$ cat final04.csv   # CSV, C-alpha atoms
chain,number,residue,atom,x,y,z
I,285,MET,CA,79.1,104.9,99.6
I,286,LEU,CA,78.6,102.8,96.5
I,287,ILE,CA,81.5,101.4,94.4
I,288,ARG,CA,81.4,100.0,90.9
I,289,PHE,CA,84.1,97.5,90.2
I,290,ASN,CA,85.0,95.8,86.9
I,291,LYS,CA,85.9,92.4,88.1
I,292,PRO,CA,88.4,90.4,86.1
I,293,TYR,CA,88.2,86.7,85.4
I,294,GLY,CA,89.7,84.6,88.2
I,295,VAL,CA,88.7,87.0,91.1
I,296,LEU,CA,86.3,86.0,93.8
I,297,SER,CA,83.4,88.2,95.0
I,298,GLN,CA,85.1,88.3,98.4
I,299,PHE,CA,88.2,90.0,99.8
I,300,THR,CA,90.0,86.8,100.8
I,301,PRO,CA,91.7,84.7,98.1
I,302,GLU,CA,91.0,81.0,98.0
I,303,GLY,CA,93.1,78.4,96.2
I,304,LYS,CA,93.8,79.5,92.6
I,305,TRP,CA,91.4,82.5,92.8
I,306,ARG,CA,92.4,86.0,93.8
I,307,GLY,CA,90.4,88.1,96.2
I,308,LEU,CA,89.1,91.7,96.0
I,309,LYS,CA,91.8,92.9,98.4
I,310,ASP,CA,94.2,92.8,95.4
I,311,PHE,CA,92.1,95.6,93.8
I,312,ILE,CA,90.2,97.5,96.4
I,313,ALA,CA,91.9,98.8,99.5
I,314,LEU,CA,88.9,100.5,101.2
I,315,PRO,CA,87.9,99.5,104.7
I,316,GLY,CA,84.3,98.8,105.6
I,317,VAL,CA,82.9,98.0,102.1
I,318,TYR,CA,81.1,94.8,101.3
I,319,VAL,CA,79.9,93.1,98.1
I,320,ALA,CA,76.3,93.5,97.2
I,321,GLY,CA,75.5,90.4,95.3
I,322,ARG,CA,77.9,87.9,93.8
I,323,LEU,CA,79.7,87.2,90.5
I,324,ASP,CA,81.4,83.8,90.0
I,325,ALA,CA,85.2,83.8,89.8
I,326,ASP,CA,85.0,82.6,86.2
I,327,SER,CA,82.7,85.5,85.2
I,328,GLU,CA,83.7,89.1,84.6
I,329,GLY,CA,82.2,92.5,84.8
I,330,LEU,CA,80.2,94.7,87.1
I,331,LEU,CA,80.3,94.1,90.9
I,332,LEU,CA,78.8,96.6,93.3
I,333,LEU,CA,80.2,97.2,96.8
I,334,THR,CA,78.9,99.4,99.6
I,335,ASP,CA,79.5,100.4,103.2
I,336,ASP,CA,75.7,100.6,103.8
I,337,GLY,CA,74.2,97.4,105.1
I,338,GLN,CA,70.6,98.3,104.1
I,339,LEU,CA,71.7,99.2,100.6
I,340,GLN,CA,73.7,96.0,100.3
I,341,ALA,CA,70.6,94.0,101.3
I,342,ARG,CA,68.4,95.8,98.8
I,343,ILE,CA,70.8,95.4,95.9
I,344,ALA,CA,71.2,91.7,96.6
I,345,ASP,CA,67.6,90.9,97.6
I,346,PRO,CA,65.5,89.3,94.8
I,347,ARG,CA,62.3,91.1,96.2
I,348,TYR,CA,63.7,94.4,94.8
I,349,LYS,CA,63.9,92.9,91.3
I,350,MET,CA,67.1,94.8,90.2
I,351,GLU,CA,67.7,93.7,86.6
I,352,LYS,CA,71.1,92.3,85.8
I,353,THR,CA,72.3,92.3,82.2
I,354,TYR,CA,75.0,89.9,80.9
I,355,LEU,CA,76.9,89.4,77.7
I,356,ALA,CA,77.4,85.7,77.1
I,357,GLN,CA,79.8,84.4,74.4
I,358,VAL,CA,78.3,81.0,73.6
I,359,GLU,CA,79.4,78.0,71.6
I,360,GLY,CA,77.1,77.8,68.6
I,361,ILE,CA,74.9,80.3,66.8
I,362,ALA,CA,72.1,82.0,68.9
I,363,ASP,CA,69.1,81.4,66.6
I,364,GLU,CA,65.6,82.8,67.1
I,365,ALA,CA,64.3,79.6,68.7
I,366,ALA,CA,67.0,79.7,71.4
I,367,LEU,CA,66.5,83.4,72.1
I,368,GLN,CA,62.7,82.9,72.3
I,369,ALA,CA,63.2,80.0,74.7
I,370,LEU,CA,65.3,82.2,77.0
I,371,CYS,CA,62.7,85.0,76.8
I,372,ASN,CA,60.0,82.5,77.8
I,373,GLY,CA,62.0,81.1,80.7
I,374,VAL,CA,63.7,77.7,80.7
I,375,MET,CA,63.4,74.6,82.9
I,376,LEU,CA,66.5,74.1,85.1
I,377,ASN,CA,67.1,71.4,87.7
I,378,ASP,CA,65.8,73.8,90.4
I,379,GLY,CA,62.7,74.9,88.5
I,380,MET,CA,61.5,77.2,85.8
I,381,THR,CA,63.3,80.5,85.4
I,382,LEU,CA,61.4,83.7,85.1
I,383,PRO,CA,61.0,85.1,81.6
I,384,ALA,CA,64.1,87.1,80.5
I,385,ARG,CA,65.0,89.5,77.8
I,386,ALA,CA,67.4,88.0,75.3
I,387,ARG,CA,68.8,89.1,71.9
I,388,ALA,CA,71.7,88.3,69.7
I,389,ALA,CA,74.5,90.8,70.2
I,390,GLU,CA,78.0,91.6,69.0
I,391,ALA,CA,81.1,91.9,71.1
I,392,PRO,CA,81.1,95.6,72.2
I,393,ALA,CA,83.8,98.0,71.3
I,394,TYR,CA,84.8,98.5,74.9
I,395,LEU,CA,85.4,94.8,75.5
I,396,TRP,CA,88.7,93.9,77.0
I,397,GLU,CA,90.8,90.7,76.3
I,398,ARG,CA,90.2,87.9,78.8
I,399,ASP,CA,93.2,86.4,80.6
I,400,PRO,CA,93.3,83.5,80.0
I,401,PRO,CA,91.5,83.5,76.6
I,402,ILE,CA,88.5,81.3,76.1
I,403,ARG,CA,89.0,77.9,74.4
I,404,VAL,CA,88.4,78.1,70.7
I,405,ARG,CA,87.3,75.1,68.6
I,406,GLN,CA,87.8,75.6,64.9
I,407,ALA,CA,84.8,73.5,63.9
I,408,LEU,CA,82.4,75.3,66.3
I,409,PRO,CA,81.4,78.9,65.8
I,410,THR,CA,80.7,81.2,68.7
I,411,SER,CA,78.1,84.0,69.0
I,412,TRP,CA,77.1,86.6,71.7
I,413,ILE,CA,73.8,86.9,73.5
I,414,GLU,CA,72.7,89.8,75.7
I,415,LEU,CA,70.5,88.4,78.5
I,416,THR,CA,68.7,90.4,81.2
I,417,ILE,CA,67.3,88.6,84.2
I,418,ARG,CA,65.6,89.5,87.5
I,419,GLU,CA,66.7,86.4,89.4
I,420,GLY,CA,70.0,85.4,90.8
I,421,ARG,CA,70.2,81.7,91.0
I,422,ASN,CA,73.6,80.0,91.2
I,423,ARG,CA,75.3,80.1,87.8
I,424,GLN,CA,71.9,80.9,86.3
I,425,VAL,CA,72.9,82.5,83.0
I,426,ARG,CA,75.3,79.6,82.2
I,427,ARG,CA,72.7,77.1,83.0
I,428,MET,CA,70.1,78.9,80.9
I,429,THR,CA,72.2,79.1,77.8
I,430,ALA,CA,73.2,75.4,78.2
I,431,ALA,CA,69.6,74.5,78.5
I,432,VAL,CA,68.9,75.9,75.0
I,433,GLY,CA,72.0,74.2,73.5
I,434,LEU,CA,74.4,77.1,73.7
I,435,PRO,CA,77.1,76.5,76.4
I,436,THR,CA,78.6,79.7,77.7
I,437,LEU,CA,82.3,80.2,77.1
I,438,ARG,CA,82.6,83.7,78.5
I,439,LEU,CA,80.2,85.6,80.8
I,440,ILE,CA,80.3,89.4,81.5
I,441,ARG,CA,77.9,91.3,83.7
I,442,THR,CA,77.4,94.7,82.1
I,443,HIS,CA,74.6,96.2,84.2
I,444,ILE,CA,73.0,96.0,87.6
I,445,GLY,CA,69.9,98.2,87.6
I,446,PRO,CA,71.0,101.6,86.4
I,447,TYR,CA,74.8,100.9,86.9
I,448,ASN,CA,77.1,99.7,84.1
I,449,VAL,CA,80.7,98.7,83.5
I,450,MET,CA,81.1,100.3,80.1
I,451,ASP,CA,83.4,103.2,81.1
I,452,LEU,CA,85.4,101.3,83.7
I,453,PRO,CA,88.7,99.7,82.8
I,454,LEU,CA,89.1,96.0,83.8
I,455,GLY,CA,90.3,95.7,87.4
I,456,THR,CA,89.4,99.2,88.4
I,457,TRP,CA,86.8,100.7,90.7
I,458,GLN,CA,85.0,104.0,91.0
I,459,GLN,CA,82.8,105.5,93.7
I,460,THR,CA,79.4,106.4,92.2
I,461,GLU,CA,76.2,108.2,93.2
I,462,LEU,CA,74.0,106.4,95.7
I,463,PRO,CA,70.9,105.0,94.1
I,464,PHE,CA,67.2,105.0,94.8
I,465,PRO,CA,66.8,106.7,98.1
I,466,HIS,CA,63.4,105.0,98.7
I,467,LEU,CA,63.8,101.5,97.2
I,468,THR,CA,60.7,99.4,97.9
I,469,PRO,CA,60.1,95.8,97.1
I,470,ARG,CA,57.8,94.8,94.3
$ encode --input "final04.csv" --output "structure tokens"
Amino acid sequence: MLIRFNKPYGVLSQFTPEGKWRGLKDFIALPGVYVAGRLDADSEGLLLLTDDGQLQARIADPRYKMEKTYLAQVEGIADEAALQALCNGVMLNDGMTLPARARAAEAPAYLWERDPPIRVRQALPTSWIELTIREGRNRQVRRMTAAVGLPTLRLIRTHIGPYNVMDLPLGTWQQTELPFPHLTPR
């Protein structure tokens, strides 16, 4: 079984809550399913869960190169130079990132309100970037946008491979078709 979950802000990618963060058990009451990959508590959007250990490993394993697409609301205006730098790859403290796909975007029509809302500074405009990566380093998208001078204020994962969150209301899950019966590493 494969589950798509639209994770709200403030929810961990685990069933057990910790400190101020809620756990998945507040939303998903299915025994025997496990998270395939992670999404930080302060990020929102698509999280996949499965009861199949091999599928879980394949979704999370970088050797399978499943693309992940994010919408990042950033402080500042995403100009062509910043977008090109993201596309080329940027230097982080743990090395150079792989090239990404990046483009300026608009907030999508399906976007939900975040609770709590992002901080807004009157003197600084915000813009949206759609960023697709094939890696999964710790807080990678946030570090990439900061490296090009555009700190992330809100981060939403919209796609993992062929799966998306666009038709899934915030805080809800849906069982979906199992993917790629013969996934092989690249």
$ closest_atom_pairs --input "final04.csv" --of "range 371-439 of chain I" --to "range 359-365 of chain I" --cutoff "12 Å" --atoms "all atoms listed in the file" --output "Markdown table"
| residue | atom | partner | partner_atom | distance |
| --- | --- | --- | --- | --- |
| I:Cys371 | CA | I:Ala365 | CA | 9.9 |
| I:Asn372 | CA | I:Ala365 | CA | 10.5 |
| I:Ala386 | CA | I:Glu364 | CA | 9.9 |
| I:Arg387 | CA | I:Ala362 | CA | 8.4 |
| I:Ala388 | CA | I:Ala362 | CA | 6.4 |
| I:Ala389 | CA | I:Ala362 | CA | 9.2 |
| I:Glu390 | CA | I:Ala362 | CA | 11.3 |
| I:Ile402 | CA | I:Glu359 | CA | 10.7 |
| I:Arg403 | CA | I:Glu359 | CA | 10.0 |
| I:Val404 | CA | I:Glu359 | CA | 9.0 |
| I:Arg405 | CA | I:Glu359 | CA | 8.9 |
| I:Gln406 | CA | I:Glu359 | CA | 11.0 |
| I:Ala407 | CA | I:Gly360 | CA | 10.0 |
| I:Leu408 | CA | I:Gly360 | CA | 6.3 |
| I:Pro409 | CA | I:Gly360 | CA | 5.2 |
| I:Thr410 | CA | I:Glu359 | CA | 4.5 |
| I:Ser411 | CA | I:Ile361 | CA | 5.4 |
| I:Trp412 | CA | I:Ala362 | CA | 7.3 |
| I:Ile413 | CA | I:Ala362 | CA | 6.9 |
| I:Glu414 | CA | I:Ala362 | CA | 10.4 |
| I:Leu415 | CA | I:Ala362 | CA | 11.6 |
| I:Arg426 | CA | I:Glu359 | CA | 11.5 |
| I:Thr429 | CA | I:Ala362 | CA | 9.4 |
| I:Ala430 | CA | I:Glu359 | CA | 9.4 |
| I:Val432 | CA | I:Ala365 | CA | 8.6 |
| I:Gly433 | CA | I:Gly360 | CA | 7.9 |
| I:Leu434 | CA | I:Glu359 | CA | 5.5 |
| I:Pro435 | CA | I:Glu359 | CA | 5.5 |
| I:Thr436 | CA | I:Glu359 | CA | 6.4 |
| I:Leu437 | CA | I:Glu359 | CA | 6.6 |
| I:Arg438 | CA | I:Glu359 | CA | 9.5 |
| I:Leu439 | CA | I:Glu359 | CA | 12.0 |
$ write_last_selection --input "final04.csv" --atoms "C-alpha atoms" --output "CSV table (one decimal), in the frame of the given file"
chain,number,residue,atom,x,y,z
I,371,CYS,CA,62.7,85.0,76.8
I,372,ASN,CA,60.0,82.5,77.8
I,386,ALA,CA,67.4,88.0,75.3
I,387,ARG,CA,68.8,89.1,71.9
I,388,ALA,CA,71.7,88.3,69.7
I,389,ALA,CA,74.5,90.8,70.2
I,390,GLU,CA,78.0,91.6,69.0
I,402,ILE,CA,88.5,81.3,76.1
I,403,ARG,CA,89.0,77.9,74.4
I,404,VAL,CA,88.4,78.1,70.7
I,405,ARG,CA,87.3,75.1,68.6
I,406,GLN,CA,87.8,75.6,64.9
I,407,ALA,CA,84.8,73.5,63.9
I,408,LEU,CA,82.4,75.3,66.3
I,409,PRO,CA,81.4,78.9,65.8
I,410,THR,CA,80.7,81.2,68.7
I,411,SER,CA,78.1,84.0,69.0
I,412,TRP,CA,77.1,86.6,71.7
I,413,ILE,CA,73.8,86.9,73.5
I,414,GLU,CA,72.7,89.8,75.7
I,415,LEU,CA,70.5,88.4,78.5
I,426,ARG,CA,75.3,79.6,82.2
I,429,THR,CA,72.2,79.1,77.8
I,430,ALA,CA,73.2,75.4,78.2
I,432,VAL,CA,68.9,75.9,75.0
I,433,GLY,CA,72.0,74.2,73.5
I,434,LEU,CA,74.4,77.1,73.7
I,435,PRO,CA,77.1,76.5,76.4
I,436,THR,CA,78.6,79.7,77.7
I,437,LEU,CA,82.3,80.2,77.1
I,438,ARG,CA,82.6,83.7,78.5
I,439,LEU,CA,80.2,85.6,80.8
$ closest_residue --input "final04.csv" --among "I:Ile312, I:Met350, I:Ile417, I:Leu454" --to "Leu333 in chain I" --atoms "only C-alpha atoms"
I:Ile312
$ closest_residue --input "final04.csv" --among "I:Met428, I:Pro301, I:Ile343, I:Leu395" --to "Pro383 in chain I" --atoms "all atoms listed in the file"
I:Met428
$ closest_residue --input "final04.csv" --among "I:Val317, I:Ala344, I:Leu286, I:Leu462" --to "Gly420 in chain I" --atoms "all atoms listed in the file"
I:Ala344
$ atom_distance --input "final04.csv" --atom1 "CA of Gly303 in chain I" --atom2 "CA of Gly455 in chain I"
19.6 Å
$ atom_distance --input "final04.csv" --atom1 "CA of Val374 in chain I" --atom2 "CA of Arg427 in chain I"
9.3 Å
$ residues_around --input "final04.csv" --residues "Glu328 in chain I" --least-positions-apart "3" --cutoff "12 Å" --atoms "only C-alpha atoms" --output "PyMOL selection string"
chain I and resi 289-297+322-325+331+354-357+395-399+437-443+449+453-455
$ atom_distance --input "final04.csv" --atom1 "CA of Val319 in chain I" --atom2 "CA of Arg306 in chain I"
15.0 Å
$ closest_residue --input "final04.csv" --among "I:Ile287, I:Trp457, I:Gly321, I:Ala431" --to "Lys352 in chain I" --atoms "all atoms listed in the file"
I:Gly321
$ residues_around --input "final04.csv" --residues "Gly379 in chain I" --least-positions-apart "2" --cutoff "12 Å" --atoms "all atoms listed in the file" --output "JSON, numbers by chain"
{"I": [373, 374, 375, 376, 377, 381, 382, 421, 424, 427, 428]}
$ closest_residue --input "final04.csv" --among "I:Asp326, I:Asp378, I:Glu351, I:Glu461" --to "Ile444 in chain I" --atoms "all atoms listed in the file"
I:Glu351
